[in-house]
>>> print(open('input_16.tsv').read())   # TSV, C-alpha atoms
chain	number	residue	atom	x	y	z
A	136	MET	CA	-296.84	84.57	71.51
A	137	ARG	CA	-295.23	82.07	69.30
A	138	SER	CA	-291.79	83.53	69.92
A	139	THR	CA	-292.31	83.24	73.67
A	140	ARG	CA	-293.00	79.50	73.32
A	141	LEU	CA	-289.84	79.02	71.28
A	142	VAL	CA	-287.83	80.87	73.93
A	143	HIS	CA	-289.28	78.65	76.72
A	144	ALA	CA	-288.56	75.45	74.71
A	145	ALA	CA	-284.96	76.50	74.05
A	146	ALA	CA	-284.45	77.31	77.74
A	147	ALA	CA	-285.81	73.90	78.76
A	148	ALA	CA	-283.54	72.08	76.31
A	149	LEU	CA	-280.52	74.01	77.57
A	150	ALA	CA	-281.36	73.11	81.19
A	151	VAL	CA	-281.64	69.42	80.32
A	152	ALA	CA	-278.27	69.49	78.54
A	153	ILE	CA	-276.64	71.12	81.56
A	154	LEU	CA	-278.20	68.88	84.22
A	155	ALA	CA	-277.89	65.50	82.40
A	156	PRO	CA	-274.18	64.88	83.16
A	157	SER	CA	-274.68	65.76	86.83
A	158	VAL	CA	-277.56	63.29	87.12
A	159	ALA	CA	-275.56	60.52	85.36
A	160	GLY	CA	-272.55	61.10	87.63
A	161	ALA	CA	-274.76	60.77	90.68
A	162	GLN	CA	-275.87	57.22	89.67
A	163	PRO	CA	-274.05	54.38	91.56
A	164	GLY	CA	-271.26	52.79	89.48
A	165	ALA	CA	-269.70	49.27	89.42
A	166	PRO	CA	-267.75	48.30	92.57
A	167	PRO	CA	-263.93	48.61	92.33
A	168	PRO	CA	-262.00	45.41	91.48
A	169	PRO	CA	-260.74	43.42	94.48
A	170	PRO	CA	-257.04	43.73	95.36
A	171	PRO	CA	-254.77	41.13	93.74
A	172	GLY	CA	-254.14	37.96	95.77
A	173	PRO	CA	-250.71	36.52	96.66
A	174	SER	CA	-248.56	35.27	93.77
A	175	PRO	CA	-248.21	31.44	93.43
A	176	ALA	CA	-245.07	29.95	94.94
A	177	PRO	CA	-242.28	29.44	92.38
A	178	TYR	CA	-241.71	25.83	91.12
A	179	TYR	CA	-238.12	24.60	91.06
A	180	GLY	CA	-238.70	20.95	90.16
A	181	PRO	CA	-238.02	19.33	86.77
A	182	PRO	CA	-240.33	20.52	84.00
A	183	VAL	CA	-243.03	17.99	83.12
A	184	GLY	CA	-244.73	18.72	79.85
A	185	ARG	CA	-246.25	16.95	76.91
A	186	HIS	CA	-242.84	16.10	75.41
A	187	GLN	CA	-240.95	15.37	78.64
A	188	GLN	CA	-240.84	12.25	80.78
A	189	PRO	CA	-241.06	12.11	84.59
A	190	ASP	CA	-238.11	10.86	86.62
A	191	GLN	CA	-239.60	7.43	87.23
A	192	ALA	CA	-241.36	4.94	85.00
A	193	PRO	CA	-244.24	2.71	86.15
A	194	GLY	CA	-243.17	0.38	88.95
A	195	GLY	CA	-240.71	2.88	90.44
A	196	PHE	CA	-237.94	2.22	87.90
A	197	TRP	CA	-235.83	5.24	86.95
A	198	TRP	CA	-236.67	6.61	83.51
A	199	ARG	CA	-233.17	6.09	82.09
A	200	ARG	CA	-232.74	6.66	78.37
A	201	GLY	CA	-230.01	6.87	75.76
A	202	LEU	CA	-226.33	6.27	76.38
A	203	THR	CA	-225.05	4.36	79.40
A	204	LEU	CA	-221.44	3.83	80.41
A	205	GLY	CA	-219.46	2.88	83.49
A	206	PHE	CA	-216.78	0.74	85.06
A	207	SER	CA	-216.17	-1.53	88.03
A	208	VAL	CA	-213.16	-2.75	90.01
A	209	GLY	CA	-213.05	-5.89	92.10
A	210	LEU	CA	-211.20	-8.72	93.80
A	211	GLY	CA	-211.76	-12.44	93.42
A	212	SER	CA	-210.25	-15.78	92.49
A	213	THR	CA	-209.46	-17.83	89.39
A	214	SER	CA	-209.74	-21.57	88.94
A	215	ASN	CA	-209.85	-24.39	86.39
A	216	GLU	CA	-210.90	-28.04	86.44
A	217	ASN	CA	-208.08	-28.85	88.88
A	218	GLY	CA	-209.15	-26.23	91.42
A	219	PRO	CA	-207.86	-22.74	92.23
A	220	ILE	CA	-204.98	-21.65	90.03
A	221	GLY	CA	-202.07	-21.66	92.44
A	222	CYS	CA	-199.01	-19.57	93.04
A	223	ILE	CA	-195.58	-21.24	92.94
A	224	GLY	CA	-193.67	-20.63	96.17
A	225	CYS	CA	-196.59	-18.79	97.79
A	226	ASP	CA	-198.03	-19.83	101.13
A	227	TYR	CA	-201.37	-18.17	100.31
A	228	ASP	CA	-203.97	-18.24	97.57
A	229	PRO	CA	-203.32	-15.29	95.25
A	230	VAL	CA	-206.08	-12.77	94.76
A	231	ALA	CA	-207.22	-11.94	91.25
A	232	VAL	CA	-207.83	-8.28	90.41
A	233	GLY	CA	-210.51	-7.38	87.89
A	234	LEU	CA	-211.39	-4.26	85.92
A	235	ASP	CA	-214.50	-3.91	83.77
A	236	PHE	CA	-215.69	-1.18	81.40
A	237	HIS	CA	-219.06	-1.05	79.67
A	238	ILE	CA	-220.78	1.21	77.15
A	239	GLY	CA	-224.17	0.83	75.50
A	240	GLY	CA	-227.70	2.12	75.45
A	241	MET	CA	-230.97	1.86	77.37
A	242	ILE	CA	-233.49	-0.01	75.22
A	243	THR	CA	-236.23	0.47	77.84
A	244	PRO	CA	-236.11	1.99	81.36
A	245	ARG	CA	-235.47	-1.57	82.65
A	246	PHE	CA	-233.15	-3.07	80.01
A	247	ALA	CA	-229.75	-2.06	78.61
A	248	LEU	CA	-227.74	-3.60	75.78
A	249	MET	CA	-223.99	-3.05	76.21
A	250	PHE	CA	-220.48	-3.97	75.15
A	251	GLU	CA	-218.35	-5.21	78.07
A	252	ALA	CA	-214.54	-5.17	78.16
A	253	GLN	CA	-213.10	-7.02	81.12
A	254	GLY	CA	-209.56	-7.74	82.31
A	255	ILE	CA	-208.43	-10.06	85.11
A	256	ALA	CA	-204.89	-10.51	86.44
A	257	GLN	CA	-203.39	-12.88	89.03
A	258	THR	CA	-199.81	-13.47	90.13
A	259	LEU	CA	-198.42	-16.98	89.64
A	260	ASP	CA	-195.21	-16.88	91.69
A	261	ALA	CA	-193.97	-15.46	94.96
A	262	ASN	CA	-191.60	-13.05	93.20
A	263	GLY	CA	-194.39	-11.54	91.11
A	264	THR	CA	-192.57	-12.15	87.84
A	265	GLU	CA	-195.26	-14.36	86.29
A	266	THR	CA	-198.85	-13.20	85.91
A	267	LEU	CA	-201.94	-14.85	84.50
A	268	VAL	CA	-203.93	-12.32	82.47
A	269	GLN	CA	-207.37	-12.75	80.93
A	270	SER	CA	-209.10	-10.23	78.67
A	271	MET	CA	-212.67	-10.49	77.41
A	272	GLY	CA	-214.97	-8.65	75.06
A	273	LEU	CA	-218.67	-9.48	75.41
A	274	LEU	CA	-222.09	-8.40	74.25
A	275	ALA	CA	-224.23	-8.21	77.38
A	276	GLY	CA	-227.80	-7.49	78.41
A	277	LYS	CA	-228.66	-5.93	81.76
A	278	LEU	CA	-232.15	-6.21	83.26
A	279	TRP	CA	-233.47	-4.42	86.37
A	280	VAL	CA	-235.79	-6.87	88.16
A	281	LEU	CA	-236.36	-4.30	90.93
A	282	PRO	CA	-235.71	-0.54	90.81
A	283	GLN	CA	-232.26	-1.07	92.41
A	284	LEU	CA	-231.56	-4.76	91.70
A	285	TRP	CA	-230.28	-5.95	88.32
A	286	ILE	CA	-229.00	-9.10	86.64
A	287	GLU	CA	-226.73	-9.38	83.61
A	288	GLY	CA	-225.62	-12.00	81.13
A	289	GLY	CA	-223.24	-11.87	78.19
A	290	LEU	CA	-221.37	-13.86	75.53
A	291	GLY	CA	-218.16	-13.05	73.69
A	292	GLY	CA	-214.53	-13.83	73.09
A	293	ALA	CA	-211.60	-14.17	75.49
A	294	HIS	CA	-207.82	-14.37	75.54
A	295	VAL	CA	-205.63	-15.81	78.29
A	296	ALA	CA	-201.88	-15.50	78.63
A	297	VAL	CA	-199.01	-16.07	81.03
A	298	ASN	CA	-196.86	-12.95	81.11
A	299	VAL	CA	-193.31	-12.85	82.46
A	300	ASP	CA	-191.65	-9.68	83.74
A	301	ASP	CA	-188.76	-8.82	81.43
A	302	GLY	CA	-186.90	-6.88	84.13
A	303	TRP	CA	-187.24	-3.58	82.25
A	304	GLY	CA	-190.71	-2.58	83.33
A	305	GLY	CA	-192.46	-4.62	80.64
A	306	SER	CA	-193.68	-8.17	80.17
A	307	ILE	CA	-193.39	-10.98	77.64
A	308	GLU	CA	-196.23	-13.35	76.78
A	309	THR	CA	-194.84	-16.86	77.07
A	310	ASP	CA	-198.02	-18.84	76.54
A	311	GLY	CA	-201.56	-17.94	75.52
A	312	ALA	CA	-204.78	-19.00	73.84
A	313	ASP	CA	-208.02	-17.58	72.45
A	314	GLY	CA	-211.47	-18.85	73.34
A	315	SER	CA	-215.06	-17.99	74.12
A	316	ALA	CA	-216.49	-16.61	77.35
A	317	PHE	CA	-219.77	-16.37	79.24
A	318	LEU	CA	-220.57	-13.69	81.82
A	319	ALA	CA	-223.17	-13.72	84.61
A	320	ALA	CA	-223.52	-10.89	87.12
A	321	ALA	CA	-225.91	-9.35	89.61
A	322	GLY	CA	-225.78	-6.03	91.42
A	323	TYR	CA	-227.60	-3.80	93.86
A	324	GLU	CA	-227.52	0.00	93.60
A	325	VAL	CA	-226.58	1.43	97.00
A	326	LEU	CA	-226.70	4.92	95.48
A	327	SER	CA	-229.41	5.20	92.86
A	328	SER	CA	-230.67	8.11	90.76
A	329	ARG	CA	-231.93	8.74	87.26
A	330	HIS	CA	-228.52	9.64	85.82
A	331	MET	CA	-225.99	7.88	88.10
A	332	ALA	CA	-225.62	4.75	90.24
A	333	ILE	CA	-223.04	3.13	92.52
A	334	ASP	CA	-223.60	-0.59	93.03
A	335	LEU	CA	-222.17	-3.67	94.69
A	336	GLN	CA	-221.71	-6.54	92.24
A	337	LEU	CA	-221.10	-10.27	92.09
A	338	ARG	CA	-219.51	-11.20	88.75
A	339	GLY	CA	-218.65	-14.61	87.36
A	340	THR	CA	-217.08	-15.64	84.06
A	341	VAL	CA	-216.32	-18.98	82.42
A	342	ALA	CA	-213.90	-19.01	79.50
A	343	SER	CA	-213.15	-22.02	77.33
A	344	TYR	CA	-209.64	-22.42	75.88
A	345	GLN	CA	-208.83	-25.47	73.81
A	346	GLY	CA	-205.87	-27.29	75.42
A	347	PHE	CA	-204.86	-24.51	77.82
A	348	LEU	CA	-205.18	-24.60	81.62
A	349	GLY	CA	-207.49	-27.58	81.49
A	350	ASP	CA	-209.64	-26.03	78.74
A	351	ASN	CA	-211.91	-23.96	81.05
A	352	VAL	CA	-210.95	-21.06	83.31
A	353	SER	CA	-213.56	-19.59	85.67
A	354	THR	CA	-213.42	-16.48	87.82
A	355	GLY	CA	-215.53	-15.09	90.63
A	356	MET	CA	-215.34	-11.43	91.58
A	357	PHE	CA	-216.81	-9.03	94.12
A	358	SER	CA	-216.79	-5.55	92.59
A	359	VAL	CA	-217.88	-1.97	93.12
A	360	GLY	CA	-219.38	-0.36	90.05
A	361	PHE	CA	-220.03	3.19	88.86
A	362	SER	CA	-222.50	3.89	86.05
A	363	TRP	CA	-223.92	6.94	84.28
A	364	TYR	CA	-227.11	7.15	82.21
>>> encode(input="input_16.tsv", output="structure tokens")
Amino acid sequence: MRSTRLVHAAAAALAVAILAPSVAGAQPGAPPPPPPGPSPAPYYGPPVGRHQQPDQAPGGFWWRRGLTLGFSVGLGSTSNENGPIGCIGCDYDPVAVGLDFHIGGMITPRFALMFEAQGIAQTLDANGTETLVQSMGLLAGKLWVLPQLWIEGGLGGAHVAVNVDDGWGGSIETDGADGSAFLAAAGYEVLSSRHMAIDLQLRGTVASYQGFLGDNVSTGMFSVGFSWY
């Protein structure tokens, strides 16, 4: 009798072991994961992170940093206390040609401190053998009052000379003097970006020479400038 009970208990345990996986597999499982959505559109703009600046500073000014350099070319006139510096034998007022080069650094996005080298030349006779030449080296500050409008001022030294063509492709300085110079300029960027600008400029200089050309020589120039930041 006892052995029969043991046989029945063993058979019951074996049936439970066989049927348990089938019962578990019949239970409802978790729903399948949803299909993946569309990938985000790629970003091709400039990276903006914790250690990187945006293109523009507050107020719309370009975030220009570090080295800045450029040049400008222009046309204008030269004068002293007696009026425009004339041209012997000419029936017109000679035009002065100016070339400027600058290099420096952006102190803030709105202010640059630079060294300016400027040269101005004007013919003094109808044959083009005599030329008035001025050269200047100045320390200048440039401030953007609007995102595309700037003003500039500078102080430095100057040299003026009358050069005569030697007939062999060179020139001889016949008279000259050293002095001090002041620069004032304003410009508007007709092409403006963070790293490059093309602007229209009005430039004026006043140079003081003791006992030469009436002591003071002033120039006014309309120029086109190119700058990189």
>>> atom_distance(input="input_16.tsv", atom1="CA of Gly221 in chain A", atom2="CA of Ser315 in chain A")
22.8 Å
>>> residues_around(input="input_16.tsv", residues="Val295 in chain A", least_positions_apart="4", cutoff="8 Å", atoms="all atoms listed in the file", output="ChimeraX atom specification")
/A:267-270,311-313
>>> residues_around(input="input_16.tsv", residues="Gly195 in chain A", least_positions_apart="4", cutoff="9 Å", atoms="only C-alpha atoms", output="ChimeraX atom specification")
/A:191,281-282
>>> closest_atom_pairs(input="input_16.tsv", of="range 203-270 of chain A", to="range 319-329 of chain A", cutoff="12 Å", atoms="all atoms listed in the file", output="CSV")
residue,atom,partner,partner_atom,distance
A:Thr203,CA,A:Arg329,CA,11.3
A:Ser207,CA,A:Gly322,CA,11.1
A:Asp235,CA,A:Ala320,CA,11.9
A:Pro244,CA,A:Arg329,CA,9.9
A:Arg245,CA,A:Arg329,CA,11.8
A:Glu251,CA,A:Ala319,CA,11.8
>>> residues_around(input="input_16.tsv", residues="Trp279 in chain A", least_positions_apart="4", cutoff="8 Å", atoms="all atoms listed in the file", output="list in words")
Arg245, Phe246, Gln283, Leu284, Trp285 and Ile286 of chain A
>>> residues_around(input="input_16.tsv", residues="Ile220 in chain A", least_positions_apart="3", cutoff="10 Å", atoms="only C-alpha atoms", output="list in words")
Ser212, Thr213, Ser214, Asn215, Glu216, Asn217, Ile223, Asp228, Pro229, Gln257, Thr258, Leu259, Leu267, Leu348, Val352 and Ser353 of chain A
>>> atom_distance(input="input_16.tsv", atom1="CA of Pro189 in chain A", atom2="CA of Leu204 in chain A")
21.7 Å
>>> closest_residue(input="input_16.tsv", among="A:Thr243, A:Asn351, A:Thr340, A:Ser362", to="Leu278 in chain A", atoms="all atoms listed in the file")
A:Thr243
>>> atom_distance(input="input_16.tsv", atom1="CA of Arg200 in chain A", atom2="CA of Gly239 in chain A")
10.8 Å
>>> closest_residue(input="input_16.tsv", among="A:Phe357, A:Tyr344, A:Phe317, A:Trp363", to="Val208 in chain A", atoms="all atoms listed in the file")
A:Phe357
>>> closest_residue(input="input_16.tsv", among="A:Val230, A:Ile242, A:Ile333, A:Leu210", to="Lys277 in chain A", atoms="only C-alpha atoms")
A:Ile242
>>> residues_around(input="input_16.tsv", residues="Gly339 in chain A", least_positions_apart="2", cutoff="6 Å", atoms="all atoms listed in the file", output="ChimeraX atom specification")
/A:318-319,354-355
>>> closest_residue(input="input_16.tsv", among="A:Ile255, A:Ile238, A:Ala342, A:Met271", to="Val297 in chain A", atoms="only C-alpha atoms")
A:Ile255
